[in-house]
Structures are given as structure tokens and as C-alpha cells.
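Colleague: Structure file model-v3.txt (compact mmCIF, C-alpha atoms) is given on the next line.
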```txt
# COMPACT_ATOMS: atom_id res chain seq x y z
CA MET A 292 -74.67 288.61 56.33
CA SER A 293 -74.29 286.30 59.33
CA PRO A 294 -73.16 282.73 58.59
CA VAL A 295 -75.88 280.06 58.29
CA GLU A 296 -76.03 277.83 61.34
CA GLN A 297 -75.46 274.18 60.51
CA TRP A 298 -78.42 272.04 61.51
CA ASP A 299 -76.31 269.22 62.94
CA GLU A 300 -75.01 271.76 65.48
CA LYS A 301 -78.26 273.72 65.85
CA TYR A 302 -80.14 270.54 66.81
CA ARG A 303 -77.30 268.85 68.69
CA PRO A 304 -78.79 267.11 71.77
CA SER A 305 -77.88 268.63 75.14
CA ARG A 306 -79.62 265.99 77.27
CA LEU A 307 -79.73 262.21 77.07
CA SER A 308 -83.51 262.31 76.62
CA GLU A 309 -83.05 264.29 73.38
CA ILE A 310 -80.80 261.70 71.70
CA VAL A 311 -82.39 259.69 68.89
CA GLY A 312 -81.87 255.92 69.08
CA ASN A 313 -79.47 253.67 70.99
CA LYS A 314 -81.49 253.81 74.23
CA GLU A 315 -80.12 250.43 75.36
CA ALA A 316 -76.49 251.45 74.79
CA ILE A 317 -77.02 254.79 76.55
CA GLY A 318 -78.65 253.00 79.48
CA ARG A 319 -75.66 250.67 79.78
CA LEU A 320 -73.26 253.63 79.71
CA VAL A 321 -75.18 255.47 82.43
CA GLU A 322 -75.24 252.37 84.66
CA TRP A 323 -71.52 251.81 84.12
CA VAL A 324 -70.70 255.37 85.22
CA LYS A 325 -72.96 255.05 88.28
CA ARG A 326 -71.29 251.78 89.32
CA TRP A 327 -67.75 252.91 88.55
CA GLY A 328 -65.32 252.24 91.38
CA SER A 329 -67.79 250.23 93.49
CA ASP A 330 -67.17 246.83 91.90
CA PRO A 331 -63.51 245.70 91.92
CA LYS A 332 -64.24 243.12 89.19
CA ALA A 333 -65.79 245.63 86.81
CA LYS A 334 -63.85 247.13 83.88
CA ARG A 335 -62.38 250.52 84.74
CA GLY A 336 -62.80 251.89 81.22
CA ALA A 337 -65.70 251.97 78.79
CA LEU A 338 -65.22 251.78 75.03
CA ILE A 339 -68.26 252.96 73.08
CA HIS A 340 -68.06 251.99 69.42
CA GLY A 341 -70.09 252.22 66.25
CA PRO A 342 -70.20 254.00 62.88
CA PRO A 343 -69.96 257.80 62.56
CA GLY A 344 -73.01 259.95 63.24
CA VAL A 345 -74.87 257.59 65.61
CA GLY A 346 -74.46 259.72 68.74
CA LYS A 347 -71.38 258.40 70.55
CA THR A 348 -69.84 261.78 71.35
CA VAL A 349 -73.08 263.61 72.12
CA ALA A 350 -74.11 260.77 74.44
CA VAL A 351 -71.00 261.27 76.60
CA GLU A 352 -71.40 265.05 76.59
CA ALA A 353 -75.10 264.81 77.51
CA LEU A 354 -74.38 262.20 80.19
CA ALA A 355 -71.86 264.50 81.90
CA ARG A 356 -74.37 267.38 81.74
CA ASP A 357 -77.25 265.28 83.09
CA MET A 358 -75.15 263.87 85.95
CA GLY A 359 -73.49 267.18 86.83
CA LEU A 360 -69.98 265.95 86.06
CA ASP A 361 -67.00 267.87 84.64
CA LEU A 362 -66.00 266.54 81.22
CA ILE A 363 -62.35 266.43 80.15
CA GLU A 364 -62.66 265.77 76.41
CA VAL A 365 -59.74 265.00 74.09
CA ASN A 366 -59.65 263.82 70.49
CA ALA A 367 -56.99 261.13 70.65
CA SER A 368 -56.45 261.20 66.88
CA ASP A 369 -55.38 264.88 67.12
CA ASP A 370 -53.31 264.66 70.31
CA ARG A 371 -51.37 261.58 69.36
CA SER A 372 -48.17 261.54 71.41
CA ARG A 373 -47.83 260.19 74.92
CA GLY A 374 -46.34 263.50 76.06
CA ARG A 375 -49.28 265.58 74.83
CA LEU A 376 -51.84 263.22 76.34
CA GLU A 377 -49.99 263.29 79.68
CA ARG A 378 -50.06 267.09 79.71
CA ILE A 379 -53.75 267.28 78.85
CA VAL A 380 -55.31 264.50 80.91
CA GLY A 381 -52.57 263.44 83.33
CA GLU A 382 -53.43 265.95 86.05
CA ALA A 383 -57.17 265.49 85.50
CA ALA A 384 -56.81 261.75 86.08
CA SER A 385 -55.16 262.09 89.50
CA GLY A 386 -55.96 265.63 90.72
CA ALA A 387 -58.89 266.86 92.75
CA SER A 388 -62.15 267.76 91.03
CA ILE A 389 -63.11 271.40 90.47
CA PHE A 390 -65.47 272.63 93.20
CA GLY A 391 -65.74 269.05 94.47
CA LYS A 392 -67.61 267.88 91.37
CA GLY A 393 -67.01 264.47 89.85
CA ARG A 394 -65.51 264.21 86.39
CA ILE A 395 -65.24 262.04 83.32
CA ILE A 396 -62.26 261.77 80.99
CA PHE A 397 -63.37 261.22 77.39
CA LEU A 398 -60.95 260.24 74.62
CA ASP A 399 -62.65 260.35 71.22
CA GLU A 400 -61.56 258.62 67.98
CA ILE A 401 -58.93 256.41 69.56
CA ASP A 402 -58.92 254.20 66.44
CA GLY A 403 -57.45 257.26 64.68
CA LEU A 404 -54.09 256.54 66.30
CA SER A 405 -51.45 255.52 63.77
CA PRO A 406 -49.16 252.46 64.13
CA THR A 407 -46.38 254.82 65.29
CA ASP A 408 -48.45 255.95 68.29
CA ALA A 409 -47.64 252.92 70.46
CA GLY A 410 -46.57 255.23 73.29
CA ALA A 411 -50.00 256.85 73.29
CA VAL A 412 -51.72 253.45 73.34
CA ASP A 413 -49.59 252.37 76.32
CA TYR A 414 -50.36 255.61 78.14
CA ILE A 415 -54.12 255.31 77.59
CA ALA A 416 -54.03 251.73 78.93
CA GLU A 417 -52.16 252.96 82.01
CA LEU A 418 -54.55 255.89 82.38
CA ILE A 419 -57.56 253.58 82.53
CA SER A 420 -55.91 251.53 85.30
CA ARG A 421 -54.89 254.42 87.58
CA ALA A 422 -57.42 257.21 86.94
CA ASN A 423 -59.56 258.23 89.93
CA CYS A 424 -62.56 258.85 87.66
CA PRO A 425 -64.32 257.05 84.80
CA VAL A 426 -62.45 256.99 81.47
CA ILE A 427 -64.67 256.67 78.41
CA LEU A 428 -63.25 256.09 74.94
CA ALA A 429 -64.95 256.18 71.55
CA ALA A 430 -64.04 254.44 68.30
CA ASN A 431 -65.66 253.61 65.00
CA ASP A 432 -63.97 250.19 64.99
CA ALA A 433 -63.53 248.58 68.41
CA TRP A 434 -61.68 245.63 66.86
CA ASP A 435 -58.85 247.60 65.32
CA PRO A 436 -55.73 245.60 66.33
CA ARG A 437 -53.88 248.82 67.20
CA ILE A 438 -56.09 249.39 70.24
CA GLY A 439 -56.19 245.80 71.51
CA LYS A 440 -54.30 246.70 74.69
CA ILE A 441 -56.91 249.38 75.44
CA ARG A 442 -59.91 247.25 74.48
CA GLU A 443 -59.13 244.50 76.98
CA LYS A 444 -59.40 247.00 79.85
CA CYS A 445 -62.81 248.31 78.78
CA GLU A 446 -66.44 247.39 78.89
CA LEU A 447 -67.58 247.42 75.25
CA ILE A 448 -70.80 249.27 74.50
CA GLU A 449 -72.00 249.21 70.88
CA PHE A 450 -73.89 252.13 69.34
CA LYS A 451 -75.84 250.97 66.29
CA ARG A 452 -76.98 252.78 63.17
CA ILE A 453 -80.14 254.83 63.62
CA GLY A 454 -83.12 252.93 62.20
CA ILE A 455 -85.60 254.29 59.67
CA ARG A 456 -88.43 254.24 62.23
CA GLU A 457 -86.46 256.50 64.56
CA ALA A 458 -84.85 258.72 61.94
CA VAL A 459 -87.91 259.68 59.87
CA PRO A 460 -89.99 261.14 62.76
CA PHE A 461 -86.93 263.06 63.93
CA LEU A 462 -86.30 264.51 60.45
CA LYS A 463 -90.01 265.36 60.16
CA ARG A 464 -89.84 267.37 63.42
CA ILE A 465 -86.78 269.27 62.19
CA ALA A 466 -88.43 270.00 58.84
CA GLU A 467 -91.53 271.35 60.61
CA ARG A 468 -89.40 273.60 62.83
CA GLU A 469 -87.70 274.98 59.72
CA GLY A 470 -91.01 275.52 57.92
CA ILE A 471 -90.36 272.84 55.28
CA ARG A 472 -93.09 270.68 53.76
CA ALA A 473 -91.32 267.32 53.65
CA ASP A 474 -92.76 264.25 51.93
CA PRO A 475 -92.44 261.28 54.38
CA GLU A 476 -91.22 259.08 51.51
CA ALA A 477 -88.50 261.64 50.74
CA LEU A 478 -87.37 261.57 54.37
CA LYS A 479 -87.30 257.76 54.28
CA ILE A 480 -85.09 257.82 51.18
CA LEU A 481 -82.82 260.37 52.88
CA ALA A 482 -82.51 258.15 55.96
CA GLU A 483 -81.79 255.03 53.89
CA ARG A 484 -79.23 256.88 51.80
CA ASN A 485 -77.19 257.91 54.86
CA LYS A 486 -77.21 254.44 56.45
CA GLY A 487 -78.04 255.48 59.99
CA ASP A 488 -75.74 258.52 60.14
CA LEU A 489 -78.04 261.11 61.73
CA ARG A 490 -75.52 263.91 61.37
CA ALA A 491 -75.28 263.29 57.63
CA MET A 492 -79.08 263.15 57.35
CA LEU A 493 -79.40 266.61 58.90
CA LYS A 494 -76.72 268.05 56.62
CA ASP A 495 -78.41 266.61 53.54
CA LEU A 496 -81.86 267.80 54.60
CA GLN A 497 -80.50 271.32 55.08
CA VAL A 498 -78.74 271.39 51.70
CA LEU A 499 -81.49 269.71 49.68
CA SER A 500 -84.27 271.89 51.11
CA SER A 501 -82.42 275.19 51.16
CA ARG A 502 -83.75 276.36 47.80
CA GLY A 503 -87.40 276.22 48.72
CA LYS A 504 -89.99 275.25 51.27
CA ALA A 505 -90.67 271.75 49.97
CA PHE A 506 -88.68 268.53 50.04
CA THR A 507 -90.08 265.98 47.61
CA LYS A 508 -89.45 262.34 46.83
CA GLU A 509 -88.03 263.39 43.45
CA ASP A 510 -85.49 265.65 45.19
CA ALA A 511 -84.33 262.81 47.43
CA LEU A 512 -84.11 260.24 44.61
CA ARG A 513 -82.21 262.57 42.30
CA ALA A 514 -79.71 263.46 45.01
CA ALA A 515 -79.30 259.83 46.09
CA ARG A 516 -78.58 258.59 42.56
CA ARG A 517 -76.08 261.34 41.86
CA ASP A 518 -74.36 261.04 45.22
CA ARG A 519 -73.91 257.26 45.19
CA THR A 520 -72.49 257.15 41.68
CA ASP A 521 -70.18 260.12 42.09
CA THR A 522 -68.95 259.00 45.49
CA ILE A 523 -68.03 255.42 44.60
CA PHE A 524 -66.31 256.53 41.37
CA ASN A 525 -64.27 259.11 43.28
CA VAL A 526 -63.36 256.56 45.94
CA LEU A 527 -62.14 254.09 43.32
CA LYS A 528 -60.17 256.79 41.51
CA ASN A 529 -58.52 257.85 44.78
CA ILE A 530 -57.64 254.27 45.72
CA PHE A 531 -56.20 253.23 42.35
CA SER A 532 -54.25 256.48 41.89
CA ALA A 533 -53.01 256.75 45.51
CA LYS A 534 -49.30 257.46 45.92
CA SER A 535 -49.11 256.08 49.47
CA CYS A 536 -50.72 253.38 51.60
CA HIS A 537 -52.12 256.01 53.92
CA SER A 538 -53.92 257.95 51.18
CA ALA A 539 -55.38 254.72 49.75
CA LYS A 540 -56.81 253.76 53.14
CA ILE A 541 -58.13 257.27 53.75
CA ALA A 542 -59.97 257.12 50.42
CA MET A 543 -62.10 254.25 51.71
CA SER A 544 -63.49 256.42 54.52
CA GLU A 545 -65.31 258.44 51.84
CA ALA A 546 -67.21 255.40 50.55
CA ASP A 547 -70.94 255.12 51.29
CA VAL A 548 -70.88 251.33 50.80
CA ASP A 549 -69.67 248.64 53.19
CA HIS A 550 -66.29 246.94 52.77
CA GLU A 551 -67.76 243.87 51.03
CA MET A 552 -69.46 245.98 48.37
CA LEU A 553 -66.34 248.12 47.92
CA PHE A 554 -64.31 244.93 47.48
CA GLU A 555 -66.55 243.99 44.54
CA TRP A 556 -66.10 247.43 42.95
CA ILE A 557 -62.31 247.22 43.29
CA TYR A 558 -62.24 243.62 41.98
CA GLU A 559 -64.33 244.54 38.92
CA ASN A 560 -62.30 247.64 38.02
CA ALA A 561 -58.78 246.42 38.85
CA PRO A 562 -58.16 245.04 35.31
CA LEU A 563 -59.08 248.45 33.86
CA TRP A 564 -56.73 250.41 36.12
CA LEU A 565 -53.92 247.86 36.28
CA SER A 566 -53.17 247.61 32.58
CA ASP A 567 -49.71 246.13 33.12
CA ALA A 568 -49.84 242.32 33.52
CA SER A 569 -47.39 242.30 36.43
CA ASP A 570 -49.28 245.08 38.23
CA LEU A 571 -52.56 243.23 37.70
CA ALA A 572 -51.10 239.98 39.07
CA ASN A 573 -49.89 241.78 42.21
CA GLY A 574 -53.19 243.58 42.64
CA MET A 575 -55.21 240.37 42.26
CA GLU A 576 -52.95 238.62 44.75
CA ALA A 577 -53.67 241.38 47.29
CA LEU A 578 -57.41 241.02 46.62
CA ALA A 579 -57.22 237.23 46.97
CA LYS A 580 -55.53 237.58 50.36
CA ALA A 581 -58.13 240.16 51.42
CA ASP A 582 -60.95 237.82 50.37
CA LEU A 583 -59.35 234.98 52.34
CA LEU A 584 -59.12 237.14 55.48
CA PHE A 585 -62.75 238.28 55.14
CA ASN A 586 -63.86 234.64 54.98
CA ILE A 587 -61.72 233.61 57.95
CA ALA A 588 -63.03 236.57 59.97
CA LYS A 589 -66.63 235.49 59.34
CA ARG A 590 -66.02 231.79 59.93
CA GLU A 591 -64.06 232.22 63.16
CA GLN A 592 -65.77 235.43 64.34
CA ASN A 593 -62.31 237.02 64.49
CA TRP A 594 -63.31 240.53 63.48
CA GLY A 595 -59.83 241.91 64.14
CA LEU A 596 -58.80 240.44 60.76
CA ILE A 597 -61.14 242.81 58.92
CA SER A 598 -58.76 245.77 59.20
CA TYR A 599 -55.91 243.74 57.61
CA ALA A 600 -58.22 242.67 54.78
CA ILE A 601 -59.21 246.31 54.16
CA ASP A 602 -55.53 247.32 54.10
CA LEU A 603 -54.87 244.67 51.43
CA MET A 604 -57.79 245.62 49.20
CA THR A 605 -56.98 249.34 49.35
CA ALA A 606 -53.29 249.98 50.04
CA GLY A 607 -52.23 246.58 48.67
CA VAL A 608 -53.97 247.19 45.34
CA ALA A 609 -52.84 250.83 45.14
CA MET A 610 -49.17 249.95 45.69
CA SER A 611 -49.31 247.26 42.99
CA ARG A 612 -49.79 249.98 40.34
CA GLU A 613 -46.23 250.70 39.22
CA ARG A 614 -46.07 250.37 35.43
CA SER A 615 -49.71 250.74 34.38
CA ARG A 616 -50.55 253.62 32.08
CA ALA A 617 -51.89 256.87 33.52
CA GLY A 618 -54.92 258.75 32.28
CA TRP A 619 -58.68 258.51 32.31
CA VAL A 620 -60.11 255.07 33.05
CA PRO A 621 -63.80 254.11 32.60
CA MET A 622 -65.63 252.50 35.54
CA LYS A 623 -67.73 249.34 35.48
CA PHE A 624 -70.53 248.31 37.81
CA PRO A 625 -69.60 244.98 39.47
CA GLU A 626 -71.12 242.17 37.40
CA ARG A 627 -71.05 239.80 40.36
CA ILE A 628 -73.18 242.26 42.36
CA ALA A 629 -75.67 242.55 39.49
CA LEU A 630 -75.82 238.75 39.16
CA MET A 631 -76.21 238.23 42.90
CA ALA A 632 -78.95 240.88 43.01
CA LYS A 633 -80.79 239.11 40.20
CA MET A 634 -80.46 235.74 41.92
CA ARG A 635 -81.66 237.22 45.23
CA ALA A 636 -84.67 238.73 43.48
CA GLU A 637 -85.48 235.40 41.82
CA ARG A 638 -85.14 233.51 45.10
CA ALA A 639 -87.38 236.03 46.83
CA MET A 640 -89.99 235.71 44.08
CA ARG A 641 -89.85 231.91 44.26
CA GLN A 642 -90.40 232.07 48.02
CA ARG A 643 -93.38 234.39 47.50
CA VAL A 644 -94.96 231.92 45.07
CA LEU A 645 -94.26 228.90 47.25
CA GLY A 646 -95.61 230.77 50.27
CA LYS A 647 -98.97 231.30 48.54
CA ILE A 648 -99.10 227.67 47.39
CA ALA A 649 -98.21 226.45 50.88
CA GLU A 650 -100.87 228.62 52.52
CA ARG A 651 -103.62 227.57 50.08
CA CYS A 652 -102.76 223.85 50.22
CA HIS A 653 -101.79 223.73 53.92
CA LEU A 654 -98.28 222.53 53.14
CA SER A 655 -94.75 223.56 53.98
CA ARG A 656 -92.86 225.62 51.40
CA ALA A 657 -90.59 222.62 50.75
CA ALA A 658 -93.57 220.35 50.06
CA ALA A 659 -95.13 223.03 47.85
CA GLY A 660 -91.90 223.19 45.81
CA THR A 661 -91.68 219.43 45.21
CA GLY A 662 -95.32 218.32 45.28
CA VAL A 663 -97.28 221.16 43.66
CA LEU A 664 -95.06 223.53 41.68
CA PRO A 665 -93.96 220.97 39.00
CA TYR A 666 -97.60 220.10 38.23
CA LEU A 667 -98.58 223.77 38.19
CA LEU A 668 -95.88 224.47 35.59
CA GLU A 669 -97.00 221.48 33.52
CA ILE A 670 -100.58 222.82 33.54
CA ALA A 671 -99.29 226.28 32.55
CA ARG A 672 -97.50 224.75 29.57
CA ASN A 673 -100.35 222.56 28.32
CA ASP A 674 -103.53 224.37 29.40
CA PRO A 675 -103.15 228.17 29.74
CA GLY A 676 -106.85 228.57 30.53
CA ALA A 677 -106.72 226.18 33.49
CA PHE A 678 -103.49 227.82 34.67
CA LYS A 679 -105.18 231.23 34.64
CA GLY A 680 -107.93 229.89 36.88
CA LEU A 681 -105.43 228.30 39.27
CA ALA A 682 -103.38 231.49 39.38
CA GLY A 683 -106.48 233.35 40.55
CA TRP A 684 -107.24 230.62 43.11
CA PHE A 685 -103.74 230.80 44.56
CA GLY A 686 -103.87 234.62 44.55
CA PHE A 687 -100.83 235.15 42.32
CA ASP A 688 -100.30 238.73 41.15
CA ALA A 689 -99.18 239.65 37.63
CA GLU A 690 -95.50 239.67 38.59
CA GLU A 691 -95.74 236.18 40.10
CA VAL A 692 -97.61 234.84 37.05
CA GLU A 693 -94.86 236.17 34.76
CA PHE A 694 -92.23 234.57 37.00
CA LEU A 695 -93.96 231.16 36.75
CA LYS A 696 -94.24 231.50 32.97
CA SER A 697 -90.51 232.23 32.81
CA LEU A 698 -89.82 228.88 34.51
CA ILE A 699 -91.59 226.91 31.81
CA GLY A 700 -88.89 225.25 29.76
CA ALA A 701 -86.04 226.72 31.86
CA PRO A 702 -83.22 224.14 32.17
CA GLY A 703 -83.44 222.38 35.51
CA ALA A 704 -86.74 224.03 36.47
CA PRO A 705 -89.48 221.87 38.03
CA GLY A 706 -91.77 220.78 35.21
CA ALA A 707 -89.37 221.91 32.49
CA ARG A 708 -89.77 220.04 29.22
CA ARG A 709 -87.01 217.49 28.82
CA PRO A 710 -85.55 216.61 25.42
CA LYS A 711 -86.90 213.41 23.93
CA LYS A 712 -84.63 210.42 23.69
CA GLY A 713 -84.05 209.01 20.32
```
Just give me the structure as C-alpha cells.
Modeller:
Amino acid sequence: MSPVEQWDEKYRPSRLSEIVGNKEAIGRLVEWVKRWGSDPKAKRGALIHGPPGVGKTVAVEALARDMGLDLIEVNASDDRSRGRLERIVGEAASGASIFGKGRIIFLDEIDGLSPTDAGAVDYIAELISRANCPVILAANDAWDPRIGKIREKCELIEFKRIGIREAVPFLKRIAEREGIRADPEALKILAERNKGDLRAMLKDLQVLSSRGKAFTKEDALRAARRDRTDTIFNVLKNIFSAKSCHSAKIAMSEADVDHEMLFEWIYENAPLWLSDASDLANGMEALAKADLLFNIAKREQNWGLISYAIDLMTAGVAMSRERSRAGWVPMKFPERIALMAKMRAERAMRQRVLGKIAERCHLSRAAAGTGVLPYLLEIARNDPGAFKGLAGWFGFDAEEVEFLKSLIGAPGAPGARRPKKG
């Protein structure tokens, strides 16, 4: 039996016109290549960056094919040393083109270089300055401090996550080609689950629809629930039980949540894994420093600090576990996340209610909150019949009516009954 062809390779774009999403970024990259060498003030390198699966590598490959250029492609995270990079791309950077064709040098995953690869970083920076052809580099994180010397020589071009509106029609076309009846809602769930990673979407669609000719919403929901729970638990287990800083940091790459959400998971579960008081104190100190760096990065827009914060919350916490007991440890969902989600939902509901009041009374939301809502709650408390009529007049649905009823008597709520003095 011949091996099954993977759909992410089967449907890999060969031309720029076939790539889903990031049209603006691709346009900028094409213009940069066309202008290369003609403007002495322009950057001689281009650094395309963005999360995995958004089309960075295929964009460069398709660009070279569309423009008739030779492509010298190297994965910098595999060929780490200066010597190996010199042997592979050194001659290509200064030698004549094959058959007179132009060429592009492409170094992928340059943020995969380790701190000991300083020689490779220096060489890549030199390469950008002296190469007689465009040098394009790709990274998931353009602000990794290890590649600062390279970044300053490059024009930065950001590739963003593929949006739902772009992903769902693409997945629908693939499903039709494969003879699969795919529910549009199921495809939407699949796209949301993979957070803009088109390669991951294709892999999931192939696996989840391989047993039949239908892909339903129930299939997508069941897979999403199982995958999210299993993945985050495995990530936490790998971080807390890591024997080295490197393995703790690698574990984070498996997470399907962003670093802020992962921080909350680690914070909530640290007391369970770090049973020794001294270990827990060290782990919490690492988390406190990480939290401080995250806040400074946001306040000062210094995104280079993010990588140090991630190191602290993964490797820092892992290395604090010295005397804590081994064995199975239960996991807890972050209570702060649950509380914040509840508060967000309540704020959203309040804004929905105030929006309807504001529209009906021709007021701002702020005026509706101070000038109408307290009286509406007082009417709801003292005259349910009148409140029912007003609710219909304002156009409140059942969920909004229940929300308003929940505010009656709530401490600090507008119109809440105050205790009598006496």
C-alpha cells in the first residue's frame, strides 16, 4: 500500500496567487525584492516574521518561482555553526548566478539559533551586508534578543495569523476536492481551534475526516475539547518535570494557548507541583519576575523582554523544583481566568443592556447607566408587571432580563436596596 499523501504538502501553494491570506505582507516582500540594490538607503535584508503555519516559507518559495529566481534555502536552526553556513551559502552570496539567473538566499527559523551560536549570528549579519543578492530570513519571533544584530539590518515584514473568513472558504474547497461533506460551522471551529495555523488546519481536517465522508460540528467540538485539555495538561507536566532549562522551554512550544494564558496555568498549578516550601518560594519568585517583565514590555512597548519573561515562567519554575515530591499531580483550571471570563461576560451583558436603553432613549451609554438604569431596577423590584412592559419596550431578551433581575439587591448595584439606618 502506498503511503497516504499529507494534505499540507499535497495542497502546498506553488504560486503567490495560491497563498491564503497575508496579501499585504506578500506585496511588501515582492516590492522589496524588486527594489533590492537600487536604493542605497534601503535595508539589504528582509526578516519575515509571524507564528508557525501562516505561509512564511511557502511565500518565499513561491516568490522565487514566480520571479524566475534561483532559491538557496537553508534552515538556520539545523545548520547552526558559522563554518557550516559559510560552506552552504558563502559561495552563493558572492559567486555568479547559474545560467545568468538571479537568486535569493533564504535562511529559515533563525530564531532557532541557540545562545552558543553567536558566530552564526555574526556571519548572517555579515552575509546580509556583502551578499550580491537579496537575503531573506524567517522567524517566529522577530524580537528574540539573540537575533538583534540581524534584525537591525533587515526590513521587518509581519505575517499574521490566517483569519476565519479566509480559512473557512479554503478548507471548504479542500474538503470538496477530497469528496468530504463538511459542515461550515465545523470548519469554523477547526479554524478557531488552530489559531490561524493553516498547516495545522489541513492536518486536522485530514485526520478528523479520514474515517468517513462527512465532517460535522460534533466531530470538531469533540476533537477541540479533547485536544485543548490534553495538550495544556501535557505542557504543564513537561514544564514542571523538566530536568533542564532547554526542555522546559521546548515544552512551551507545544502549547496551543498564548504566553499570558500559559502563565495563568503555571501560576495556578505551581503550589500543587512545588510541594516543598522552599521550591514554591523560588518558583513564585520566578513567576513574579516574569509578570513584572510582561508588564514592562506592554507599558514600554519593549517586546524583546517577552522572551526573558517566558524563560522565567518555564525554565525558572522548572529549575526551582528540587525537593518537591515526585508522582502524579492533579491539575486545576486557573481560577483567575474563570473569574476574569465571568467578569468579561457580565461587562459585555451590561453594555448590551445599556446599548438598548441608550438607543431607545437617545442617550449615551454613560447617561443610560446613571440616569435610567437605577430607576429601571427600582421598578423591577417594586412593580414586576410594569418592569415586564418596559423590558418589552426596550427590546430586552430573556438573558438580558435575567441579568437585570440579578442586579436587584446586589451590593453596589444601581438601585440596590440599601440597609435601613436605625
Colleague: Determine, counting all atoms listed in the file, which protein, DNA and RNA residues have an atom within 7 Å of an atom of Val365 (chain A); residues of the same chain fewer than 2 positions away are not included. Present the result as a PyMOL selection string.
Modeller: chain A and resi 363+367+397-399
Colleague: Report, in Å to a single decimal, how far apart CA of Gly346 (chain A) and CA of Leu376 (chain A) are.
Modeller: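 Going from CA of Leu376 (chain A) over to CA of Gly346 (chain A), I get 24.1 Å.
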Colleague: List the spatial neighbours of region 328-341 of chain A as number ranges by chain - criterion: any atom at most 8 Å away, all atoms listed in the file, same-chain residues fewer than 2 positions off excluded.
Modeller: A: 320, 323, 326, 343, 345, 347, 419-420, 425-433, 442, 444-452
Colleague: Tell me, as a ChimeraX atom specification, which residues lie within 10 Å of Tyr414 (chain A), counting all atoms listed in the file; anything in the same chain fewer than 4 positions away does not count.
Modeller: /A:372-374,376-377,381,409-410,418-420,441
Colleague: What is the distance between CA of Glu483 (chain A) and CA of Gln497 (chain A), in Å to one decimal?
Modeller: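 Separating CA of Glu483 (chain A) from CA of Gln497 (chain A) is a distance of 16.4 Å.
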Colleague: Pick the closest to Ile480 (chain A) from A:Ala658, A:Leu512, A:Ile379, A:Ile670: which is it, counting all atoms listed in the file?
Modeller: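 Of the candidates, the smallest distance to Ile480 (chain A) is held by A:Leu512.
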Colleague: Please measure the separation of CA of Leu603 (chain A) and CA of Asp402 (chain A), giving the value in Å to one decimal.
Modeller: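 Those two atoms sit 18.2 Å apart.
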Colleague: So, counting all atoms listed in the file, which residue among A:Ala542, A:Ala511, A:Ile396, A:Ala609 is closest to Ile523 (chain A)?
Modeller: A:Ala542
Colleague: So, counting all atoms listed in the file, which residue among A:Ser305, A:Ser535, A:Asn586, A:Ser611 is closest to Ala355 (chain A)?
Modeller: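 Among the listed residues, A:Ser305 lies closest to Ala355 (chain A).
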Colleague: Tell me which of A:Ala473, A:Arg490, A:Ile587, A:Arg437 sits closest to Thr348 (chain A), counting only C-alpha atoms.
Modeller: A:Arg490
Colleague: How would region 580-593 of chain A read, as a PDB file, in the frame of the given file, once N, CA and C atoms are built in?
Modeller:
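Generated file (part06.pdb):
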```
ATOM      1  N   LYS A 580     -55.854 237.658  48.930  1.00  0.00           N
ATOM      2  CA  LYS A 580     -55.530 237.580  50.360  1.00  0.00           C
ATOM      3  C   LYS A 580     -56.594 238.281  51.201  1.00  0.00           C
ATOM      4  N   ALA A 581     -57.085 239.439  50.702  1.00  0.00           N
ATOM      5  CA  ALA A 581     -58.130 240.160  51.420  1.00  0.00           C
ATOM      6  C   ALA A 581     -59.398 239.312  51.509  1.00  0.00           C
ATOM      7  N   ASP A 582     -59.764 238.665  50.397  1.00  0.00           N
ATOM      8  CA  ASP A 582     -60.950 237.820  50.370  1.00  0.00           C
ATOM      9  C   ASP A 582     -60.805 236.663  51.353  1.00  0.00           C
ATOM     10  N   LEU A 583     -59.623 236.085  51.416  1.00  0.00           N
ATOM     11  CA  LEU A 583     -59.350 234.980  52.340  1.00  0.00           C
ATOM     12  C   LEU A 583     -59.533 235.444  53.796  1.00  0.00           C
ATOM     13  N   LEU A 584     -59.005 236.622  54.120  1.00  0.00           N
ATOM     14  CA  LEU A 584     -59.120 237.140  55.480  1.00  0.00           C
ATOM     15  C   LEU A 584     -60.573 237.464  55.842  1.00  0.00           C
ATOM     16  N   PHE A 585     -61.332 238.010  54.881  1.00  0.00           N
ATOM     17  CA  PHE A 585     -62.750 238.280  55.140  1.00  0.00           C
ATOM     18  C   PHE A 585     -63.486 236.984  55.491  1.00  0.00           C
ATOM     19  N   ASN A 586     -63.190 235.925  54.738  1.00  0.00           N
ATOM     20  CA  ASN A 586     -63.860 234.640  54.980  1.00  0.00           C
ATOM     21  C   ASN A 586     -63.471 234.035  56.317  1.00  0.00           C
ATOM     22  N   ILE A 587     -62.180 234.141  56.663  1.00  0.00           N
ATOM     23  CA  ILE A 587     -61.720 233.610  57.950  1.00  0.00           C
ATOM     24  C   ILE A 587     -62.358 234.400  59.095  1.00  0.00           C
ATOM     25  N   ALA A 588     -62.432 235.718  58.933  1.00  0.00           N
ATOM     26  CA  ALA A 588     -63.030 236.570  59.970  1.00  0.00           C
ATOM     27  C   ALA A 588     -64.475 236.169  60.245  1.00  0.00           C
ATOM     28  N   LYS A 589     -65.235 235.893  59.178  1.00  0.00           N
ATOM     29  CA  LYS A 589     -66.630 235.490  59.340  1.00  0.00           C
ATOM     30  C   LYS A 589     -66.739 234.103  59.965  1.00  0.00           C
ATOM     31  N   ARG A 590     -65.924 233.178  59.454  1.00  0.00           N
ATOM     32  CA  ARG A 590     -66.020 231.790  59.930  1.00  0.00           C
ATOM     33  C   ARG A 590     -65.633 231.656  61.397  1.00  0.00           C
ATOM     34  N   GLU A 591     -64.577 232.354  61.802  1.00  0.00           N
ATOM     35  CA  GLU A 591     -64.060 232.220  63.160  1.00  0.00           C
ATOM     36  C   GLU A 591     -64.487 233.358  64.082  1.00  0.00           C
ATOM     37  N   GLN A 592     -65.325 234.280  63.553  1.00  0.00           N
ATOM     38  CA  GLN A 592     -65.770 235.430  64.340  1.00  0.00           C
ATOM     39  C   GLN A 592     -64.596 236.252  64.873  1.00  0.00           C
ATOM     40  N   ASN A 593     -63.519 236.269  64.105  1.00  0.00           N
ATOM     41  CA  ASN A 593     -62.310 237.020  64.490  1.00  0.00           C
ATOM     42  C   ASN A 593     -62.320 238.331  63.713  1.00  0.00           C
TER      43      ASN A 593
END
```
